[in-house]
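> Encoded as structure tokens, here's the structure I'll be asking about.
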Amino acid sequence: MDISSVFQIATVGILVAVLNQVLNSVGRSEQATMTTLAGVVIVLFWVIHHISDLFSTVQTLFQF
Amino acid sequence: MRILGTILIILSTTLLGTYFGNIYGFRVKDLKEIRKALVILKSEIDYTQSPLHHAAFNISEKLSMPISKIFKEFSNLLKEKVFPPIALEKSFSKYASDTYLTTDDFYQLNSFGKTLGYLDKNLQISTINLTISYLDERIEEQMLIYLKNKKLYQTLGILSGLLVVVVLI
């Protein structure tokens, strides 16, 4: 796993957090929730195959 | 190449954000122009007592673009002996798409137009005052919305640009 993807995820996290704050401050909490959800979905798309890798590794560990 | 794309994306989303933030500002500007037109019309009726087509032409000279076109058209229609309320309605509907006014505003302005050229001077002036107070209310309301939304849309524009760039890189 490349370190740059970690930074990428961190940047998305920061941006989504700021967007969330901005939208909440003007009373648009619905859009704020949607933005957070979109951020989560984007990051999930990036890491989903890493997670599946992890699960298969754990699975092989317990196979004798 | 990558840097160029990044700059383009951020620039375009920032511009979009600024544009959407300013839409409310354009509406405030148009409302203020209409208000100015009515104030001038009031003084034309009250002091100079010039004919309506002449007054409308004077107003169109003093205002800036989309609203001045409306009054120029109004003046031209009056010269062709069109009945004033119909002339006003026609000129509003012709240039409605160029302005940022809503149908509610046009409804109010047309109902003001119905009294144009009807009965005496006092009636004209009191309907103009009524319309001006309506516009004042709208301007105040829109100004609050404008100030609230301007910053939001600008920030949203920049941040969404950054987000797209980060996702694409």
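Labels used: A, B, ... for chains in the order of the structure tokens, numbers from 1 for residues in each chain, and numbers from 1 for ligands as shown.
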Quick one: DSSP alpha helix (DSSP H) residues in stretch 1-164 of chain B, as a count of residues only?

135

> Quick one: which residues from chain A are at most 12 Å off chain B, using only C-alpha atoms, as a ChimeraX atom specification?

/A:4-28,31-32,35,38-39,41-43,45-46

> Which value, in Å to one decimal, gives the distance between atom CA of B:Leu16 and atom CA of B:Arg138?

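Between these atoms lies a distance of 25.3 Å.
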
> With a distance cut-off of 12 Å and only C-alpha atoms, select the neighbouring residues of B:Asn76, excluding the residue or stretch itself and same-chain residues fewer than 6 positions from it, and output the selection as a PyMOL selection string.

chain B and resi 52-57+60+69-70+82-84+87-88+90-91

> Take the residues from that selection and write them out as a compact mmCIF listing (two decimals), in the first residue's frame, keeping C-alpha atoms.


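Result file follows (part_16.txt):
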# COMPACT_ATOMS: atom_id res chain seq x y z
CA LEU B 52 -45.68 59.38 -19.61
CA HIS B 53 -43.69 58.39 -22.72
CA HIS B 54 -41.33 61.31 -22.10
CA ALA B 55 -40.96 60.35 -18.44
CA ALA B 56 -40.30 56.71 -19.37
CA PHE B 57 -37.64 57.79 -21.86
CA SER B 60 -34.39 54.74 -19.40
CA LYS B 69 -34.26 48.52 -21.95
CA ILE B 70 -37.65 47.83 -20.32
CA VAL B 82 -50.59 51.58 -26.75
CA PHE B 83 -52.65 51.69 -23.55
CA PRO B 84 -50.15 52.25 -20.63
CA ALA B 87 -47.50 48.66 -22.78
CA LEU B 88 -45.85 48.13 -19.39
CA LYS B 90 -45.59 43.91 -22.82
CA SER B 91 -42.24 45.55 -22.15

> Fewer than 4 positions away in the same chain doesn't count, so skip those; otherwise give me all residues within 12 Å of B:Ile34, counting only C-alpha atoms, as a VMD selection string.

chain B and resid 27 to 30 38 to 41 59 to 60 62 to 71 92 99 to 101 105 to 106 108 to 109 128 131 to 136 138 to 139
